[in-house]
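Coordinates as given in start03.txt (compact mmCIF, C-alpha atoms and all ligand atoms):
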# COMPACT_ATOMS: atom_id res chain seq x y z
CA MET A 997 40.43 -6.91 13.10
CA SER A 998 39.46 -8.65 16.36
CA ASP A 999 41.49 -11.64 17.48
CA LEU A 1000 38.51 -13.96 17.03
CA TYR A 1001 37.85 -12.62 13.52
CA ALA A 1002 41.49 -13.22 12.57
CA ARG A 1003 41.30 -16.77 13.91
CA HIS A 1004 38.00 -17.31 12.06
CA ARG A 1005 39.63 -16.15 8.81
CA SER A 1006 42.67 -18.37 9.26
CA VAL A 1007 40.89 -21.64 9.97
CA LEU A 1008 37.38 -21.50 8.43
CA PRO A 1009 36.54 -21.41 4.70
CA ASP A 1010 36.84 -18.08 2.88
CA TRP A 1011 33.27 -18.47 1.61
CA LEU A 1012 31.76 -18.58 5.09
CA ALA A 1013 30.12 -15.16 4.93
CA LEU A 1014 29.92 -12.84 7.92
CA TYR A 1015 27.67 -9.83 8.35
CA TYR A 1016 29.23 -6.41 9.08
CA GLU A 1017 32.66 -4.90 8.40
CA ASP A 1018 33.48 -5.57 12.03
CA PRO A 1019 31.74 -8.94 12.50
CA LEU A 1020 29.60 -9.50 15.54
CA GLU A 1021 30.15 -12.06 18.27
CA ILE A 1022 26.82 -12.62 19.99
CA THR A 1023 27.35 -13.93 23.49
CA HIS A 1024 23.86 -14.05 24.98
CA GLY A 1025 20.21 -13.17 24.43
CA GLU A 1026 16.91 -12.70 26.18
CA GLY A 1027 13.48 -12.20 24.65
CA ARG A 1028 13.96 -10.12 21.52
CA HIS A 1029 17.41 -8.81 22.50
CA VAL A 1030 20.98 -10.05 22.14
CA TRP A 1031 24.29 -8.78 23.50
CA ASP A 1032 27.73 -8.83 21.87
CA ALA A 1033 31.10 -9.63 23.43
CA ASP A 1034 31.65 -5.93 24.19
CA GLY A 1035 28.38 -5.74 26.13
CA ASN A 1036 26.44 -3.83 23.44
CA LYS A 1037 22.71 -4.59 23.41
CA TYR A 1038 20.75 -5.06 20.17
CA LEU A 1039 17.08 -5.40 19.34
CA ASP A 1040 16.99 -8.49 17.13
CA PHE A 1041 14.93 -8.11 13.95
CA PHE A 1042 16.61 -11.07 12.24
CA GLY A 1043 16.90 -13.84 14.82
CA GLY A 1044 13.54 -15.24 13.72
CA ILE A 1045 15.13 -16.45 10.52
CA LEU A 1046 18.38 -17.38 12.18
CA THR A 1047 16.39 -19.95 14.12
CA THR A 1048 14.97 -18.11 17.16
CA MET A 1049 11.28 -18.57 16.53
CA THR A 1050 9.68 -17.52 19.81
CA ALA A 1051 12.22 -15.66 21.98
CA HIS A 1052 15.90 -15.82 22.94
CA ALA A 1053 16.66 -17.97 25.99
CA LEU A 1054 12.99 -18.84 26.43
CA PRO A 1055 12.88 -20.39 29.95
CA GLU A 1056 10.39 -23.10 28.91
CA VAL A 1057 12.75 -24.30 26.14
CA THR A 1058 15.89 -24.01 28.27
CA LYS A 1059 14.27 -26.04 31.05
CA ALA A 1060 13.07 -28.78 28.68
CA MET A 1061 16.53 -29.05 27.12
CA SER A 1062 18.44 -29.13 30.40
CA GLU A 1063 16.08 -31.72 31.89
CA GLN A 1064 16.57 -33.89 28.81
CA ALA A 1065 20.34 -33.35 28.93
CA GLY A 1066 20.34 -34.42 32.57
CA ARG A 1067 18.57 -37.68 31.67
CA ILE A 1068 20.16 -38.88 28.44
CA LEU A 1069 21.67 -37.49 25.23
CA HIS A 1070 21.83 -40.81 23.51
CA SER A 1071 20.47 -40.68 20.00
CA SER A 1072 19.83 -43.39 17.51
CA THR A 1073 16.91 -44.10 15.25
CA LEU A 1074 17.38 -47.77 16.19
CA TYR A 1075 15.54 -47.30 19.52
CA LEU A 1076 12.18 -45.85 20.37
CA ASN A 1077 12.43 -42.12 21.04
CA ARG A 1078 9.45 -40.73 22.97
CA PRO A 1079 9.96 -36.99 22.33
CA MET A 1080 10.51 -37.73 18.62
CA VAL A 1081 7.21 -39.61 18.38
CA GLU A 1082 5.40 -36.85 20.29
CA LEU A 1083 6.77 -34.02 18.14
CA ALA A 1084 6.11 -36.00 14.94
CA GLU A 1085 2.48 -36.52 16.02
CA ARG A 1086 2.02 -32.81 16.60
CA ILE A 1087 3.67 -31.78 13.33
CA ALA A 1088 1.79 -34.42 11.33
CA GLN A 1089 -1.49 -33.08 12.69
CA LEU A 1090 -0.53 -29.42 12.08
CA SER A 1091 0.82 -30.08 8.57
CA GLY A 1092 -2.60 -30.45 6.95
CA ILE A 1093 -1.21 -33.37 4.91
CA PRO A 1094 -3.47 -36.42 5.06
CA ASP A 1095 -1.98 -39.64 6.46
CA ALA A 1096 1.22 -37.70 7.15
CA ARG A 1097 4.56 -39.20 8.12
CA VAL A 1098 7.42 -37.10 9.51
CA PHE A 1099 11.17 -37.67 9.24
CA PHE A 1100 13.53 -35.45 11.27
CA THR A 1101 16.88 -34.16 10.05
CA THR A 1102 19.39 -31.71 11.53
CA SER A 1103 19.04 -28.87 9.01
CA GLY A 1104 16.83 -27.41 6.32
CA THR A 1105 19.29 -28.42 3.63
CA GLU A 1106 19.14 -32.03 4.73
CA ALA A 1107 15.33 -31.82 4.91
CA ASN A 1108 15.20 -30.70 1.26
CA ASP A 1109 17.76 -33.33 0.33
CA THR A 1110 15.48 -35.97 1.84
CA ALA A 1111 12.42 -34.51 0.11
CA LEU A 1112 14.26 -34.76 -3.21
CA LEU A 1113 15.32 -38.32 -2.48
CA LEU A 1114 11.67 -39.19 -1.79
CA ALA A 1115 10.17 -37.33 -4.73
CA THR A 1116 12.69 -38.58 -7.30
CA THR A 1117 12.38 -42.16 -6.06
CA TYR A 1118 8.59 -42.03 -5.92
CA ARG A 1119 8.32 -40.59 -9.43
CA ARG A 1120 11.40 -42.38 -10.88
CA SER A 1121 12.65 -39.11 -12.37
CA ASN A 1122 15.63 -36.89 -11.56
CA THR A 1123 14.14 -33.92 -13.40
CA LEU A 1124 12.96 -31.18 -11.06
CA LEU A 1125 11.14 -27.88 -11.30
CA ALA A 1126 12.31 -25.06 -9.04
CA MET A 1127 11.68 -21.33 -8.92
CA ARG A 1128 13.97 -18.61 -10.21
CA ASN A 1129 15.68 -16.79 -7.33
CA SER A 1130 15.02 -19.73 -5.00
CA TYR A 1131 17.19 -20.90 -2.10
CA HIS A 1132 16.93 -24.42 -0.70
CA GLY A 1133 20.38 -25.06 0.79
CA ARG A 1134 23.85 -25.97 -0.36
CA SER A 1135 24.26 -29.72 -0.17
CA PHE A 1136 25.14 -31.39 -3.47
CA SER A 1137 21.48 -31.86 -4.38
CA ALA A 1138 20.08 -28.66 -2.78
CA VAL A 1139 22.50 -26.58 -4.84
CA GLY A 1140 20.92 -28.14 -7.91
CA ILE A 1141 17.51 -26.65 -7.11
CA THR A 1142 18.73 -23.26 -5.85
CA GLY A 1143 17.89 -20.81 -8.61
CA ASN A 1144 19.86 -17.88 -7.30
CA ARG A 1145 23.36 -18.03 -8.75
CA GLY A 1146 24.81 -15.94 -5.93
CA TRP A 1147 23.73 -18.59 -3.44
CA SER A 1148 24.56 -21.58 -5.58
CA PRO A 1149 28.32 -22.01 -5.64
CA THR A 1150 28.57 -24.76 -8.23
CA SER A 1151 26.68 -25.71 -11.34
CA LEU A 1152 27.59 -29.38 -11.02
CA SER A 1153 24.40 -31.05 -9.94
CA PRO A 1154 23.08 -34.62 -9.99
CA LEU A 1155 19.66 -33.21 -10.93
CA GLN A 1156 18.19 -31.89 -14.14
CA THR A 1157 16.43 -28.70 -13.02
CA LEU A 1158 14.19 -26.27 -14.89
CA TYR A 1159 13.42 -22.92 -13.37
CA VAL A 1160 9.92 -21.46 -13.34
CA HIS A 1161 8.83 -17.81 -13.14
CA GLY A 1162 6.75 -16.66 -10.20
CA GLY A 1163 8.76 -16.14 -7.02
CA VAL A 1164 9.71 -12.55 -7.79
CA ARG A 1165 7.42 -9.83 -9.09
CA THR A 1166 9.53 -6.70 -8.88
CA ARG A 1167 11.58 -7.48 -11.98
CA GLY A 1168 11.36 -9.69 -15.04
CA PRO A 1169 9.00 -9.96 -18.00
CA TYR A 1170 5.81 -10.08 -15.93
CA ALA A 1171 6.66 -7.28 -13.47
CA SER A 1172 3.97 -4.89 -14.66
CA LEU A 1173 1.10 -7.39 -14.49
CA GLY A 1174 -1.71 -7.44 -11.93
CA ASP A 1175 -2.20 -10.50 -9.71
CA GLU A 1176 -4.44 -12.53 -12.00
CA GLU A 1177 -2.47 -11.79 -15.14
CA PHE A 1178 0.78 -12.55 -13.31
CA ILE A 1179 -0.53 -15.94 -12.20
CA ALA A 1180 -1.83 -16.70 -15.71
CA ALA A 1181 1.53 -15.74 -17.28
CA CYS A 1182 3.48 -17.91 -14.83
CA VAL A 1183 1.15 -20.86 -15.43
CA GLU A 1184 1.66 -20.47 -19.19
CA ASP A 1185 5.42 -20.40 -18.61
CA LEU A 1186 5.18 -23.58 -16.53
CA LYS A 1187 3.12 -25.37 -19.19
CA ASP A 1188 5.58 -24.26 -21.85
CA LEU A 1189 8.52 -25.61 -19.84
CA LEU A 1190 6.75 -28.93 -19.36
CA GLY A 1191 6.47 -29.25 -23.12
CA HIS A 1192 10.27 -29.24 -23.37
CA THR A 1193 11.27 -31.74 -20.73
CA ARG A 1194 10.99 -35.31 -19.50
CA PRO A 1195 8.28 -35.66 -16.82
CA PRO A 1196 9.65 -33.97 -13.68
CA ALA A 1197 9.34 -35.56 -10.24
CA ALA A 1198 8.31 -32.40 -8.41
CA LEU A 1199 8.17 -28.65 -8.18
CA ILE A 1200 9.90 -27.31 -5.08
CA ALA A 1201 9.08 -23.77 -3.97
CA GLU A 1202 9.25 -21.44 -0.98
CA PRO A 1203 5.79 -19.85 -0.51
CA ILE A 1204 7.65 -16.56 0.14
CA GLN A 1205 11.29 -16.64 -0.97
CA GLY A 1206 13.48 -16.13 2.10
CA VAL A 1207 17.09 -15.66 1.07
CA GLY A 1208 15.70 -14.28 -2.20
CA GLY A 1209 14.53 -11.17 -0.34
CA PHE A 1210 11.10 -11.98 1.16
CA THR A 1211 9.42 -11.74 -2.22
CA SER A 1212 5.62 -11.85 -2.24
CA PRO A 1213 3.99 -13.90 -4.99
CA PRO A 1214 0.23 -13.31 -5.25
CA ASP A 1215 -1.96 -15.59 -3.17
CA GLY A 1216 -3.08 -18.60 -5.16
CA LEU A 1217 -0.01 -18.80 -7.44
CA TYR A 1218 1.01 -22.26 -6.22
CA ALA A 1219 -2.60 -23.46 -6.23
CA ALA A 1220 -2.70 -22.57 -9.93
CA PHE A 1221 0.61 -24.39 -10.46
CA ARG A 1222 -0.74 -27.31 -8.51
CA GLU A 1223 -3.57 -27.83 -10.95
CA VAL A 1224 -1.11 -28.15 -13.83
CA LEU A 1225 1.19 -30.41 -11.79
CA ALA A 1226 -1.53 -32.67 -10.43
CA GLU A 1227 -2.86 -33.38 -13.95
CA ARG A 1228 0.59 -34.75 -14.79
CA GLY A 1229 1.27 -36.52 -11.49
CA ILE A 1230 4.06 -34.08 -10.59
CA LEU A 1231 4.52 -33.55 -6.84
CA TRP A 1232 4.56 -30.18 -5.04
CA ILE A 1233 7.18 -29.71 -2.32
CA ALA A 1234 6.61 -26.65 -0.13
CA ASP A 1235 9.84 -25.47 1.50
CA GLU A 1236 8.54 -23.93 4.73
CA VAL A 1237 11.97 -23.46 6.31
CA GLN A 1238 11.36 -19.71 6.64
CA THR A 1239 7.59 -19.39 6.20
CA GLY A 1240 6.40 -22.05 8.66
CA TRP A 1241 5.11 -21.91 12.25
CA GLY A 1242 2.87 -18.85 11.91
CA ARG A 1243 5.55 -16.41 10.81
CA THR A 1244 3.40 -15.06 7.97
CA GLY A 1245 0.65 -14.15 10.44
CA ASP A 1246 -2.43 -14.97 8.37
CA HIS A 1247 -1.44 -18.61 8.09
CA PHE A 1248 0.39 -21.27 10.06
CA TRP A 1249 2.16 -22.43 6.88
CA GLY A 1250 3.06 -20.31 3.87
CA TRP A 1251 1.37 -22.81 1.52
CA GLN A 1252 -2.00 -21.94 3.03
CA ALA A 1253 -2.07 -18.67 1.07
CA HIS A 1254 -2.24 -20.91 -2.02
CA ALA A 1255 -4.51 -23.56 -0.63
CA GLN A 1256 -7.44 -23.89 -3.05
CA ASN A 1257 -6.14 -27.28 -4.14
CA GLY A 1258 -5.24 -28.56 -0.71
CA PRO A 1259 -1.89 -29.14 0.98
CA PRO A 1260 1.41 -29.87 -0.75
CA ASP A 1261 2.51 -33.46 -1.27
CA LEU A 1262 5.67 -32.84 0.75
CA LEU A 1263 6.57 -30.10 3.20
CA THR A 1264 10.02 -29.33 4.57
CA PHE A 1265 10.76 -27.37 7.75
CA ALA A 1266 13.73 -26.40 9.95
CA LYS A 1267 15.23 -23.42 11.76
CA GLY A 1268 12.60 -21.90 14.07
CA ILE A 1269 11.04 -25.04 15.47
CA GLY A 1270 14.17 -25.81 17.52
CA ASN A 1271 14.55 -22.20 18.74
CA GLY A 1272 18.26 -22.45 18.03
CA SER A 1273 18.78 -26.20 18.30
CA SER A 1274 19.25 -28.18 15.10
CA ILE A 1275 15.97 -29.54 13.82
CA GLY A 1276 14.87 -30.00 10.26
CA GLY A 1277 12.39 -32.38 8.77
CA VAL A 1278 10.14 -33.50 6.00
CA VAL A 1279 6.43 -34.33 6.09
CA ALA A 1280 4.84 -36.40 3.33
CA ARG A 1281 1.86 -38.61 2.68
CA ALA A 1282 2.62 -42.16 3.83
CA GLU A 1283 2.73 -43.60 0.30
CA ILE A 1284 5.45 -41.08 -0.65
CA MET A 1285 7.41 -41.29 2.61
CA ASN A 1286 7.36 -45.07 2.49
CA CYS A 1287 8.48 -45.44 -1.14
CA LEU A 1288 12.09 -45.92 -0.01
CA ASP A 1289 13.75 -49.18 0.81
CA ALA A 1290 15.88 -47.92 3.72
CA ASN A 1291 16.42 -48.57 7.41
CA SER A 1292 17.05 -44.87 8.04
CA ILE A 1293 18.44 -41.88 6.17
CA SER A 1294 20.33 -40.30 9.02
CA THR A 1295 20.72 -41.71 12.50
CA PHE A 1296 21.21 -38.31 14.09
CA GLY A 1297 18.06 -36.35 13.16
CA GLY A 1298 15.51 -36.28 15.98
CA THR A 1299 18.00 -36.45 18.82
CA GLN A 1300 16.13 -36.22 22.16
CA ILE A 1301 17.48 -32.84 23.22
CA THR A 1302 16.34 -31.12 20.03
CA MET A 1303 12.98 -32.87 20.16
CA ALA A 1304 12.48 -31.71 23.77
CA ALA A 1305 13.31 -28.16 22.63
CA GLY A 1306 10.91 -28.43 19.70
CA LEU A 1307 8.04 -29.69 21.84
CA ALA A 1308 8.45 -26.91 24.44
CA ASN A 1309 8.87 -24.27 21.75
CA LEU A 1310 5.84 -25.38 19.75
CA SER A 1311 3.68 -25.50 22.90
CA TYR A 1312 4.74 -21.96 23.80
CA LEU A 1313 4.02 -20.74 20.27
CA LEU A 1314 0.51 -22.21 20.24
CA GLU A 1315 -0.42 -21.34 23.84
CA HIS A 1316 0.60 -17.70 23.36
CA ASP A 1317 -0.91 -17.39 19.87
CA LEU A 1318 2.31 -16.07 18.39
CA GLN A 1319 0.84 -16.47 14.91
CA GLY A 1320 -1.80 -13.91 15.92
CA ASN A 1321 0.97 -11.73 17.34
CA ALA A 1322 2.87 -11.96 14.04
CA ARG A 1323 -0.27 -10.84 12.20
CA ARG A 1324 -0.99 -7.91 14.54
CA VAL A 1325 2.52 -6.61 15.22
CA GLY A 1326 3.71 -7.43 11.68
CA GLY A 1327 0.72 -5.54 10.25
CA LEU A 1328 1.62 -2.44 12.27
CA LEU A 1329 5.26 -2.69 11.28
CA LEU A 1330 4.37 -3.06 7.59
CA GLU A 1331 2.16 0.03 7.73
CA ARG A 1332 4.85 2.04 9.52
CA LEU A 1333 7.58 1.01 7.06
CA ARG A 1334 5.38 1.74 4.05
CA ALA A 1335 4.78 5.26 5.37
CA VAL A 1336 8.56 5.78 5.68
CA ALA A 1337 9.19 4.19 2.28
CA ALA A 1338 6.88 6.68 0.57
CA GLN A 1339 9.34 9.42 1.60
CA VAL A 1340 12.64 7.65 0.85
CA PRO A 1341 13.51 7.45 -2.87
CA HIS A 1342 15.84 4.48 -2.32
CA VAL A 1343 12.92 2.26 -1.32
CA ARG A 1344 11.28 0.54 -4.24
CA GLU A 1345 8.93 -1.70 -2.25
CA VAL A 1346 8.05 -2.85 1.26
CA ARG A 1347 6.54 -6.35 1.08
CA GLY A 1348 5.85 -9.57 2.90
CA ARG A 1349 3.37 -10.63 5.54
CA GLY A 1350 3.30 -11.15 9.27
CA LEU A 1351 6.78 -10.88 10.75
CA MET A 1352 8.51 -11.61 7.45
CA LEU A 1353 8.98 -8.22 5.82
CA GLY A 1354 11.31 -7.19 3.00
CA VAL A 1355 12.43 -3.70 1.96
CA GLU A 1356 13.76 -3.54 -1.61
CA LEU A 1357 16.37 -0.83 -2.22
CA VAL A 1358 17.15 0.67 -5.63
CA LYS A 1359 19.24 3.51 -6.98
CA PRO A 1360 16.80 6.45 -6.76
CA GLY A 1361 14.77 7.08 -9.88
CA THR A 1362 15.76 3.72 -11.40
CA ASP A 1363 14.87 0.07 -11.11
CA GLU A 1364 18.49 -0.90 -10.49
CA ALA A 1365 19.24 -2.88 -7.33
CA ASP A 1366 21.40 -1.03 -4.79
CA PRO A 1367 23.40 -3.53 -2.73
CA ASP A 1368 25.65 -0.73 -1.37
CA ALA A 1369 22.61 0.99 0.12
CA ALA A 1370 21.54 -2.30 1.72
CA SER A 1371 25.00 -2.72 3.28
CA ALA A 1372 24.97 0.91 4.48
CA VAL A 1373 21.59 0.40 6.17
CA LEU A 1374 22.82 -2.80 7.78
CA GLU A 1375 25.85 -0.99 9.27
CA ALA A 1376 23.84 2.07 10.36
CA THR A 1377 21.13 0.04 12.11
CA ARG A 1378 23.74 -2.07 13.88
CA ALA A 1379 25.46 1.09 15.14
CA ASP A 1380 22.07 2.21 16.44
CA GLY A 1381 21.34 -1.09 18.24
CA LEU A 1382 19.23 -3.02 15.72
CA LEU A 1383 20.04 -6.24 13.85
CA ILE A 1384 18.37 -6.86 10.48
CA GLY A 1385 19.23 -9.10 7.54
CA LYS A 1386 19.71 -8.68 3.81
CA GLY A 1387 19.11 -10.84 0.77
CA GLY A 1388 17.38 -10.82 -2.57
CA GLY A 1389 18.42 -11.52 -6.12
CA HIS A 1390 22.00 -11.99 -7.17
CA ASN A 1391 22.98 -8.66 -5.65
CA THR A 1392 21.37 -8.63 -2.21
CA SER A 1393 19.59 -5.32 -2.27
CA ALA A 1394 16.66 -6.23 -0.02
CA LEU A 1395 16.57 -5.74 3.74
CA ARG A 1396 15.04 -8.64 5.63
CA ILE A 1397 13.08 -8.25 8.83
CA ALA A 1398 12.18 -11.40 10.76
CA PRO A 1399 12.15 -10.86 14.54
CA PRO A 1400 11.28 -13.56 17.07
CA LEU A 1401 7.49 -14.02 16.91
CA SER A 1402 6.93 -12.65 20.43
CA LEU A 1403 7.93 -9.13 19.31
CA THR A 1404 5.94 -6.47 21.21
CA VAL A 1405 4.36 -3.34 19.72
CA THR A 1406 6.81 -1.15 21.66
CA GLU A 1407 9.77 -3.10 20.30
CA ALA A 1408 8.34 -2.95 16.77
CA GLU A 1409 8.08 0.83 17.05
CA GLU A 1410 11.58 1.11 18.50
CA GLY A 1411 13.06 -0.96 15.64
CA ALA A 1412 11.05 0.89 12.99
CA ALA A 1413 12.37 4.22 14.30
CA ILE A 1414 15.98 2.99 14.00
CA LEU A 1415 15.35 1.66 10.51
CA GLU A 1416 13.68 4.91 9.51
CA ARG A 1417 16.75 6.91 10.61
CA ALA A 1418 19.05 4.61 8.60
CA LEU A 1419 16.87 4.77 5.48
CA ARG A 1420 16.54 8.54 5.64
CA SER A 1421 20.31 8.89 6.00
CA LEU A 1422 20.73 7.27 2.55
CA SER A 1423 19.73 10.46 0.77
N1 LIG B 1501 15.32 -23.62 2.65
C1 LIG B 1501 15.15 -22.32 2.89
C2 LIG B 1501 13.91 -21.66 2.37
C3 LIG B 1501 16.09 -21.59 3.63
O1 LIG B 1501 15.91 -20.29 3.85
C4 LIG B 1501 17.23 -22.26 4.13
C5 LIG B 1501 18.29 -21.55 4.96
N2 LIG B 1501 18.42 -20.22 4.78
C6 LIG B 1501 17.37 -23.63 3.85
C7 LIG B 1501 16.40 -24.27 3.12
C8 LIG B 1501 18.56 -24.37 4.36
O2 LIG B 1501 18.43 -24.56 5.72
P1 LIG B 1501 19.73 -24.84 6.63
O3 LIG B 1501 20.54 -23.59 6.61
O4 LIG B 1501 19.14 -25.18 7.98
O5 LIG B 1501 20.44 -25.99 6.05

As structure tokens:
Amino acid sequence: MSDLYARHRSVLPDWLALYYEDPLEITHGEGRHVWDADGNKYLDFFGGILTTMTAHALPEVTKAMSEQAGRILHSSTLYLNRPMVELAERIAQLSGIPDARVFFTTSGTEANDTALLLATTYRRSNTLLAMRNSYHGRSFSAVGITGNRGWSPTSLSPLQTLYVHGGVRTRGPYASLGDEEFIAACVEDLKDLLGHTRPPAALIAEPIQGVGGFTSPPDGLYAAFREVLAERGILWIADEVQTGWGRTGDHFWGWQAHAQNGPPDLLTFAKGIGNGSSIGGVVARAEIMNCLDANSISTFGGTQITMAAGLANLSYLLEHDLQGNARRVGGLLLERLRAVAAQVPHVREVRGRGLMLGVELVKPGTDEADPDAASAVLEATRADGLLIGKGGGHNTSALRIAPPLSLTVTEAEEGAAILERALRSLS
């Protein structure tokens, strides 16, 4: 056990999970690569989710942050904050939500917390709908809408939550259905649930479940839900913490794959926009955002240095069409991984879109999740110089691939070759 690992164990909570038997200390990064404290170099296929949206140590972002740090680091929502106004204007316009207002937080959890505060106040109801296998954070209220027991450490919640089918298609009663039948079955389930409960304030959902294993609900699922919700005045909150900013390639936001009925009522974001600095936030129509009687919710969200980072990062993303890159490079990677999967009996499914790809592992010849295989692949790829993630269900048997959005074709091929070796070594 390294000295730092021992110190980590002795002073931090036992439940603070670490990847790898010999946990990694990342000391620096550049582009799509990171280095550990022993000088080992890794291609990073997971940093995109762990907040690096564009590239590690992107000079444009570093410069904007250091210039801001050299001027002032003061932060209070009691004074005008120019970079906060500028970033809010850009996000409001990109969100697709009419008459949008933006409130910044410091994390995705806090963004969802705020969205729940808004939705429950606006609708005067503390009943919520959430998806099975969902993950929305671990604050006292976010735990109450996180459907995945493995990620939800307590059942004591201030909310009354009902869980809807639809996020996962690989298992469950509707697993064998085609897209249209699956959507129809989930809509029926939703209507049935609504018959048993007080009117809920909102349905919160990740367009593609992140921690849940990069599941891929059929396009249009949430549009179909939306119709049922809108008839009853129930709000739709899209949690875009992992799916936002062009990661899914075809769309800037995940909700756009379900867009027949227009944008969500509220949208939450975090992680990637700050490229490693702590930004989260919620976007909502003005009438919803302004339903609170408050002078602020947090005084620390929107601090100038994170806003400067967000502005530089977003400009880089748009100017270099990284959404298009996610579509092109992600498409090639998906094809390559599907070809490998066809020859590896442990792989049940390769799914996702853009640079958000999941590989579901099972015990060969069965439908049973294989978390040991997922851990083995994680260790083997690390030893070979590639970082990936895992997640999915209550027993984490899906591999998660989410590189920075500037990933090149050569790097995609290099990473796919390492992953292929690890997957083949399972049998
Ligand atoms: N929502 C989703 C979809 C997430 O994936 C996460 C983090 N994994 C969160 C919310 C919570 O974000 P944070 O960790 O920044 O609090």

Name all residues at most 10 Å from region 1365-1375 of chain A (count all atoms listed in the file; drop same-chain ones fewer than 3 positions away) and give them as a PyMOL selection string. chain A and resi 1015-1018+1342-1344+1355-1360+1362+1378-1380+1382-1396+1414-1423

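The residues sitting within 8 Å of ligand LIG 1501 (chain B), with all atoms listed in the file considered, come out as Ile1045, Leu1046, Thr1102, Ser1103, Gly1104, Thr1105, Glu1106, Ala1107, Asn1108, Ser1130, Tyr1131, His1132, Gly1133, Arg1134, Glu1202, Gln1205, Gly1206, Val1207, Asp1235, Glu1236, Val1237, Gln1238, Thr1239, Phe1265, Ala1266, Lys1267, Ser1274, Ile1275 and Gly1276 of chain A.
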
File dump, residues just selected, C-alpha atoms, as a PDB file, keeping the file's coordinate frame:
ATOM      1  CA  ILE A1045      15.130 -16.450  10.520  1.00  0.00           C
ATOM      2  CA  LEU A1046      18.380 -17.380  12.180  1.00  0.00           C
ATOM      3  CA  THR A1102      19.390 -31.710  11.530  1.00  0.00           C
ATOM      4  CA  SER A1103      19.040 -28.870   9.010  1.00  0.00           C
ATOM      5  CA  GLY A1104      16.830 -27.410   6.320  1.00  0.00           C
ATOM      6  CA  THR A1105      19.290 -28.420   3.630  1.00  0.00           C
ATOM      7  CA  GLU A1106      19.140 -32.030   4.730  1.00  0.00           C
ATOM      8  CA  ALA A1107      15.330 -31.820   4.910  1.00  0.00           C
ATOM      9  CA  ASN A1108      15.200 -30.700   1.260  1.00  0.00           C
ATOM     10  CA  SER A1130      15.020 -19.730  -5.000  1.00  0.00           C
ATOM     11  CA  TYR A1131      17.190 -20.900  -2.100  1.00  0.00           C
ATOM     12  CA  HIS A1132      16.930 -24.420  -0.700  1.00  0.00           C
ATOM     13  CA  GLY A1133      20.380 -25.060   0.790  1.00  0.00           C
ATOM     14  CA  ARG A1134      23.850 -25.970  -0.360  1.00  0.00           C
ATOM     15  CA  GLU A1202       9.250 -21.440  -0.980  1.00  0.00           C
ATOM     16  CA  GLN A1205      11.290 -16.640  -0.970  1.00  0.00           C
ATOM     17  CA  GLY A1206      13.480 -16.130   2.100  1.00  0.00           C
ATOM     18  CA  VAL A1207      17.090 -15.660   1.070  1.00  0.00           C
ATOM     19  CA  ASP A1235       9.840 -25.470   1.500  1.00  0.00           C
ATOM     20  CA  GLU A1236       8.540 -23.930   4.730  1.00  0.00           C
ATOM     21  CA  VAL A1237      11.970 -23.460   6.310  1.00  0.00           C
ATOM     22  CA  GLN A1238      11.360 -19.710   6.640  1.00  0.00           C
ATOM     23  CA  THR A1239       7.590 -19.390   6.200  1.00  0.00           C
ATOM     24  CA  PHE A1265      10.760 -27.370   7.750  1.00  0.00           C
ATOM     25  CA  ALA A1266      13.730 -26.400   9.950  1.00  0.00           C
ATOM     26  CA  LYS A1267      15.230 -23.420  11.760  1.00  0.00           C
ATOM     27  CA  SER A1274      19.250 -28.180  15.100  1.00  0.00           C
ATOM     28  CA  ILE A1275      15.970 -29.540  13.820  1.00  0.00           C
ATOM     29  CA  GLY A1276      14.870 -30.000  10.260  1.00  0.00           C
TER      30      GLY A1276
END

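With distances taken over all atoms listed in the file, A:Asp1289 is the one residue among A:Asp1363, A:Glu1407, A:Glu1021, A:Asp1289 lying closest to Leu1113 (chain A).
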
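Shortest separation to Ser1294 (chain A) among A:Ser1006, A:Gln1089, A:Thr1110, A:Thr1117 occurs at residue A:Thr1110, atoms counted being only C-alpha atoms.
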
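Here CA of Glu1409 (chain A) stands at a distance of 16.5 Å from CA of Gly1354 (chain A).
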
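Proximity to Ser1212 (chain A) was assessed for A:Arg1347, A:His1052, A:His1247, A:Lys1059 counting all atoms listed in the file; the smallest distance is recorded for A:Arg1347.
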
Could you check which residues have any atom within 7 Å of (8.6, -20.4, 14.1), counting all atoms listed in the file with coordinates taken straight from the file, and then list them as a ChimeraX atom specification? /A:1049-1050,1240-1243,1268-1269

Extract, using all atoms listed in the file, all DNA, RNA and protein residues at most 7 Å from Gly1140 (chain A), discarding same-chain residues fewer than 6 positions from it, and format them as a PyMOL selection string. chain A and resi 1153+1155+1157

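Reported to one decimal place, the separation of CA of Gly1044 (chain A) from CA of Ser998 (chain A) is 26.9 Å.
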
Kindly give the distance, in Å, that separates CA of Val1183 (chain A) and CA of Val1160 (chain A), rounded to a single decimal. 9.0 Å

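When all atoms listed in the file are used to compute distances to Arg1128 (chain A), the closest of the residues A:Ala1201, A:Ala1337, A:Ala1171, A:Met1080 turns out to be A:Ala1201.
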
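Of the listed residues A:Ala1060, A:Leu1014, A:Leu1158, A:Ala1255, the one whose atoms come nearest to Gly1191 (chain A) is A:Leu1158, with distances taken using all atoms listed in the file.
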
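If you measure from each of A:Ile1179, A:Ala1197, A:Leu1054, A:Leu1074 to Arg1119 (chain A) using only C-alpha atoms, the closest one turns out to be A:Ala1197.
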
Any idea what's packed within 9 Å of Arg1323 (chain A), counting all atoms listed in the file, ignoring anything in its chain fewer than 5 positions away? Could you give it as number ranges by chain? A: 1242-1247, 1318, 1328, 1349-1351
